[in-house]
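File shown here: start.cif, holding mmCIF, C-alpha atoms.
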data_upload
loop_
_atom_site.group_PDB
_atom_site.id
_atom_site.type_symbol
_atom_site.label_atom_id
_atom_site.label_comp_id
_atom_site.auth_asym_id
_atom_site.auth_seq_id
_atom_site.Cartn_x
_atom_site.Cartn_y
_atom_site.Cartn_z
ATOM 1 C CA MET U 293 72.622 113.574 129.571
ATOM 2 C CA ASN U 294 70.016 113.476 126.842
ATOM 3 C CA HIS U 295 70.156 110.272 124.783
ATOM 4 C CA GLU U 296 67.150 111.125 122.683
ATOM 5 C CA PRO U 297 67.830 110.620 118.974
ATOM 6 C CA SER U 298 67.909 113.708 116.823
ATOM 7 C CA LYS U 299 65.853 113.976 113.650
ATOM 8 C CA THR U 300 66.389 111.128 111.251
ATOM 9 C CA SER U 301 67.004 111.195 107.532
ATOM 10 C CA PRO U 302 64.160 110.391 105.125
ATOM 11 C CA SER U 303 65.196 106.732 105.220
ATOM 12 C CA GLY U 304 64.657 106.733 108.974
ATOM 13 C CA PHE U 305 67.898 104.873 109.716
ATOM 14 C CA LEU U 306 70.552 107.565 110.254
ATOM 15 C CA HIS U 307 70.567 110.486 112.601
ATOM 16 C CA GLU U 308 70.878 113.940 111.095
ATOM 17 C CA ASP U 309 74.383 114.355 112.549
ATOM 18 C CA ALA U 310 75.545 111.081 111.017
ATOM 19 C CA VAL U 311 74.130 112.035 107.630
ATOM 20 C CA ARG U 312 75.904 115.394 107.768
ATOM 21 C CA HIS U 313 79.177 113.723 108.823
ATOM 22 C CA VAL U 314 79.029 111.184 105.995
ATOM 23 C CA ARG U 315 78.060 113.873 103.487
ATOM 24 C CA HIS U 316 81.201 115.873 104.342
ATOM 25 C CA THR U 317 83.735 113.078 104.859
ATOM 26 C CA VAL U 318 82.868 110.744 101.971
ATOM 27 C CA TYR U 319 83.519 112.334 98.592
ATOM 28 C CA SER U 320 81.612 111.375 95.472
ATOM 29 C CA LEU U 321 81.534 112.912 92.018
ATOM 30 C CA ASN U 322 77.758 112.671 92.343
ATOM 31 C CA ASN U 323 77.748 115.124 95.251
ATOM 32 C CA THR U 324 75.376 118.064 95.142
ATOM 33 C CA ILE U 325 77.673 120.352 97.138
ATOM 34 C CA LEU U 326 79.917 121.303 94.206
ATOM 35 C CA THR U 327 79.090 122.494 90.699
ATOM 36 C CA GLN U 328 80.504 120.648 87.672
ATOM 37 C CA ASP U 329 83.196 123.320 87.197
ATOM 38 C CA GLN U 330 84.170 123.091 90.860
ATOM 39 C CA LYS U 331 84.376 119.298 90.633
ATOM 40 C CA ILE U 332 86.751 119.609 87.672
ATOM 41 C CA GLU U 333 88.968 122.042 89.558
ATOM 42 C CA VAL U 334 88.942 119.904 92.706
ATOM 43 C CA GLU U 335 89.812 116.741 90.775
ATOM 44 C CA SER U 336 92.576 118.513 88.854
ATOM 45 C CA TRP U 337 94.073 119.745 92.116
ATOM 46 C CA TYR U 338 93.670 116.406 93.894
ATOM 47 C CA GLN U 339 95.261 114.352 91.116
ATOM 48 C CA SER U 340 98.168 116.742 90.517
ATOM 49 C CA SER U 341 100.509 115.195 93.114
ATOM 50 C CA PHE U 342 99.790 111.733 91.777
ATOM 51 C CA VAL U 343 100.340 112.804 88.183
ATOM 52 C CA VAL U 344 103.584 114.641 88.993
ATOM 53 C CA SER U 345 104.920 111.621 90.903
ATOM 54 C CA ASN U 346 104.282 109.335 87.962
ATOM 55 C CA ALA U 347 105.748 111.713 85.391
ATOM 56 C CA SER U 348 108.772 112.216 87.649
ATOM 57 C CA LEU U 349 109.291 108.462 87.802
ATOM 58 C CA VAL U 350 109.846 108.485 84.049
ATOM 59 C CA VAL U 351 112.692 110.970 84.500
ATOM 60 C CA THR U 352 114.163 109.228 87.544
ATOM 61 C CA CYS U 353 114.067 105.824 85.809
ATOM 62 C CA TRP U 354 115.973 107.403 82.948
ATOM 63 C CA LEU U 355 118.547 108.711 85.444
ATOM 64 C CA TRP U 356 118.635 105.272 87.028
ATOM 65 C CA GLN U 357 119.276 103.651 83.664
ATOM 66 C CA ALA U 358 122.085 106.184 83.054
ATOM 67 C CA GLY U 359 123.683 105.208 86.385
ATOM 68 C CA LYS U 360 123.173 108.585 88.035
ATOM 69 C CA ILE U 361 120.934 107.265 90.843
ATOM 70 C CA ASN U 362 119.807 103.883 92.157
ATOM 71 C CA GLY U 363 116.329 102.347 92.156
ATOM 72 C CA TRP U 364 115.388 103.440 95.668
ATOM 73 C CA GLU U 365 116.405 106.988 94.863
ATOM 74 C CA ALA U 366 114.346 106.877 91.666
ATOM 75 C CA PHE U 367 111.193 106.068 93.650
ATOM 76 C CA LEU U 368 112.048 108.434 96.486
ATOM 77 C CA TYR U 369 112.720 111.412 94.203
ATOM 78 C CA ALA U 370 109.594 110.745 92.135
ATOM 79 C CA SER U 371 107.465 110.486 95.274
ATOM 80 C CA LEU U 372 109.009 113.625 96.747
ATOM 81 C CA CYS U 373 108.153 115.554 93.572
ATOM 82 C CA GLY U 374 104.499 114.699 94.220
ATOM 83 C CA VAL U 375 104.809 115.778 97.849
ATOM 84 C CA ALA U 376 106.464 119.030 96.723
ATOM 85 C CA ILE U 377 103.405 119.838 94.592
ATOM 86 C CA VAL U 378 101.152 119.166 97.596
ATOM 87 C CA VAL U 379 103.212 121.505 99.765
ATOM 88 C CA LEU U 380 103.351 124.149 97.020
ATOM 89 C CA PHE U 381 99.574 124.055 96.599
ATOM 90 C CA ARG U 382 99.137 124.178 100.372
ATOM 91 C CA VAL U 383 101.181 127.369 100.553
ATOM 92 C CA LEU U 384 100.204 128.858 97.202
ATOM 93 C CA TYR U 385 97.428 127.351 95.103
ATOM 94 C CA ILE U 386 98.036 128.074 91.424
ATOM 95 C CA LYS U 387 94.935 127.165 89.444
ATOM 96 C CA THR U 388 96.675 127.468 86.076
ATOM 97 C CA LEU U 389 99.456 125.099 87.151
ATOM 98 C CA SER U 390 96.939 122.628 88.530
ATOM 99 C CA PHE U 391 95.006 122.619 85.245
ATOM 100 C CA LEU U 392 98.216 122.475 83.191
ATOM 101 C CA ILE U 393 99.341 119.374 85.083
ATOM 102 C CA GLY U 394 95.901 117.791 84.900
ATOM 103 C CA MET U 395 95.287 118.533 81.248
ATOM 104 C CA THR U 396 98.718 117.518 79.954
ATOM 105 C CA LEU U 397 99.658 114.526 82.082
ATOM 106 C CA GLY U 398 96.382 113.647 83.754
ATOM 107 C CA PHE U 399 94.764 111.559 81.042
ATOM 108 C CA PRO U 400 95.397 107.990 82.213
ATOM 109 C CA PHE U 401 95.315 106.197 78.877
ATOM 110 C CA VAL U 402 97.526 108.751 77.136
ATOM 111 C CA SER U 403 100.051 108.961 79.954
ATOM 112 C CA ALA U 404 100.053 105.174 80.419
ATOM 113 C CA ALA U 405 100.765 104.665 76.718
ATOM 114 C CA LEU U 406 103.633 107.162 76.876
ATOM 115 C CA TYR U 407 105.052 105.630 80.059
ATOM 116 C CA ILE U 408 104.880 102.087 78.674
ATOM 117 C CA ALA U 409 106.568 103.266 75.464
ATOM 118 C CA PHE U 410 109.329 104.898 77.500
ATOM 119 C CA ALA U 411 109.646 101.759 79.661
ATOM 120 C CA MET U 412 110.142 99.715 76.491
ATOM 121 C CA PHE U 413 112.698 102.257 75.275
ATOM 122 C CA LEU U 414 114.631 101.938 78.547
ATOM 123 C CA PHE U 415 114.440 98.150 78.330
ATOM 124 C CA VAL U 416 115.770 98.088 74.767
ATOM 125 C CA GLN U 417 118.528 100.573 75.648
ATOM 126 C CA GLY U 418 119.862 98.223 78.335
ATOM 127 C CA GLY U 419 117.977 99.577 81.332
ATOM 128 C CA ARG U 420 116.032 96.392 81.844
ATOM 129 C CA VAL U 421 115.309 96.824 85.551
ATOM 130 C CA PRO U 422 114.332 100.532 85.322
ATOM 131 C CA GLY U 423 112.193 99.728 82.283
ATOM 132 C CA VAL U 424 110.415 96.884 84.051
ATOM 133 C CA VAL U 425 109.933 98.980 87.204
ATOM 134 C CA LEU U 426 108.419 101.847 85.186
ATOM 135 C CA GLY U 427 106.225 99.384 83.305
ATOM 136 C CA ILE U 428 104.989 97.715 86.495
ATOM 137 C CA ASN U 429 104.322 101.091 88.134
ATOM 138 C CA THR U 430 102.312 102.105 85.069
ATOM 139 C CA VAL U 431 100.334 98.851 84.965
ATOM 140 C CA LEU U 432 99.525 99.303 88.665
ATOM 141 C CA GLY U 433 98.042 102.693 87.853
ATOM 142 C CA GLY U 434 100.979 104.646 89.247
ATOM 143 C CA ILE U 435 100.024 103.799 92.812
ATOM 144 C CA PRO U 436 103.530 102.763 93.971
ATOM 145 C CA SER U 437 105.121 106.095 93.061
ATOM 146 C CA GLY U 438 102.056 108.249 93.753
ATOM 147 C CA ILE U 439 100.934 106.988 97.145
ATOM 148 C CA LEU U 440 103.190 109.282 99.175
ATOM 149 C CA GLY U 441 101.681 112.337 97.460
ATOM 150 C CA MET U 442 98.156 111.107 98.193
ATOM 151 C CA VAL U 443 99.042 110.594 101.853
ATOM 152 C CA ALA U 444 100.501 114.117 101.934
ATOM 153 C CA VAL U 445 97.270 115.525 100.458
ATOM 154 C CA THR U 446 95.248 113.801 103.150
ATOM 155 C CA ILE U 447 97.532 114.984 105.957
ATOM 156 C CA LEU U 448 97.958 118.579 104.781
ATOM 157 C CA HIS U 449 94.469 119.262 103.417
ATOM 158 C CA GLY U 450 92.141 116.945 105.267
ATOM 159 C CA SER U 451 90.441 117.321 108.600
ATOM 160 C CA LYS U 452 88.386 115.104 110.838
ATOM 161 C CA ASP U 453 85.260 116.878 109.633
ATOM 162 C CA LEU U 454 85.913 117.190 105.883
ATOM 163 C CA HIS U 455 87.271 115.040 103.084
ATOM 164 C CA PRO U 456 90.434 116.684 101.628
ATOM 165 C CA LYS U 457 88.529 117.533 98.435
ATOM 166 C CA TYR U 458 85.801 119.316 100.373
ATOM 167 C CA ALA U 459 88.396 121.068 102.569
ATOM 168 C CA PHE U 460 90.077 122.328 99.395
ATOM 169 C CA ALA U 461 86.746 123.490 97.946
ATOM 170 C CA LYS U 462 85.922 125.313 101.152
ATOM 171 C CA LYS U 463 89.315 127.031 101.362
ATOM 172 C CA HIS U 464 90.011 127.856 97.706
ATOM 173 C CA LEU U 465 86.596 127.929 96.045
ATOM 174 C CA GLY U 466 84.600 129.481 98.863
ATOM 175 C CA VAL U 467 82.153 126.588 99.105
ATOM 176 C CA LYS U 468 79.996 126.739 102.229
ATOM 177 C CA MET U 469 79.971 123.494 104.152
#
For this file, write the structure as structure tokens.
Amino acid sequence: MNHEPSKTSPSGFLHEDAVRHVRHTVYSLNNTILTQDQKIEVESWYQSSFVVSNASLVVTCWLWQAGKINGWEAFLYASLCGVAIVVLFRVLYIKTLSFLIGMTLGFPFVSAALYIAFAMFLFVQGGRVPGVVLGINTVLGGIPSGILGMVAVTILHGSKDLHPKYAFAKKHLGVKM
């Protein structure tokens, strides 16, 4: 068995294989693999499950406040909406839908302001717990309701050799890796 090191990177510290592995499994907006337009499309796609989960939580908290569902169901249904988008885009990627979601609900400060306003509305209308839950979820950046969608993206679109964003770019944008 040959244990000779392969060529090293310009820094002299990492083997060529390790550099290639890191380049494909660690995503950065500063990458040179994708063009600016491709980065926008990849980010829009990647964030869509997260955005849908958070927007769905607004609706499910409203249903919770109305007594139609309970708190656990509110989070479960919101999270499952995000997973549904992941599955839909796995089966059928719709660029227009991805951009529509990203460009309408994907601006964090705008959506956060709307969600906080709706949380206050729920609170004032007597839905104190749903209002507080929506407010806390919003303050935490939507992570509680959006994490299941992010896990689904990683499971359905990732691989051991590529970050999910690069796997998406390879499959849907024809990027050579």
Across U:Ile361, U:Met395, U:Ala404, U:Val344, the smallest distance to Leu440 in chain U, with only C-alpha atoms counted, is shown by U:Val344
Selection: 10 Å around range 465-468 of chain U, only C-alpha atoms, excl. self and same-chain fewer than 5 positions, as a ChimeraX atom specification | /U:325-327,330,333-334,458-460
Written as a VMD selection string, which residues does the PyMOL selection byres ((chain U and resi 450-455) around 9) give for the file shown?
-> chain U and resid 313 315 to 319 445 to 449 456 to 460 469
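For the pair CA of Gln339 in chain U and CA of Ile393 in chain U, the interatomic distance is 8.8 Å.
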Expand the PyMOL selection byres ((chain U and resi 370) around 12) into the individual residues it matches in the shown file, reporting them as a VMD selection string.
-> chain U and resid 341 to 356 361 363 to 369 371 to 377 426 429 434 to 441
Separation of CA of Asn322 in chain U and CA of Glu308 in chain U, in Å?
->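 Spanning CA of Asn322 in chain U to CA of Glu308 in chain U is a straight-line distance of 20.0 Å.
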Determine the nearest neighbour of Phe413 in chain U from the options U:Gly427, U:Ala461, U:Asp309, U:Phe401, counting only C-alpha atoms.
->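 Looking at the shortest contact to Phe413 in chain U, the residue is U:Gly427.
Coordinates place CA of Glu335 in chain U at a distance of 10.9 Å from CA of Ser320 in chain U.
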Tell me which of U:Val378, U:Ile428, U:Leu389, U:Val421 sits closest to Ala358 in chain U, counting all atoms listed in the file.
->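 Smallest distance to Ala358 in chain U is found for U:Val421.
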Quick one: what's the axis-aligned box for range 348-356 of chain U, all listed atoms, 8 Å on every side, centre and edges in Å to one decimal, as AutoDock Vina command-line options?
--center_x 113.7 --center_y 108.7 --center_z 85.4 --size_x 25.9 --size_y 22.9 --size_z 20.9
On this file, the PyMOL selection byres ((chain U and resi 387) around 10) gives some set of residues; write that set as number ranges by chain.
-> U: 333-334, 336-337, 381, 384-386, 388-393, 464
Shell of 8 Å around Gln357 in chain U, all atoms listed in the file, local chain residues under 6 positions omitted, as a list in words =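 With the cut-off at 8 Å, the set is Leu414, Gly418, Gly419 and Pro422 of chain U.
Considering the residues U:Arg382, U:Arg420, U:Gly433, U:Val402 and counting only C-alpha atoms, Lys463 in chain U has its shortest atom-to-atom contact with U:Arg382.
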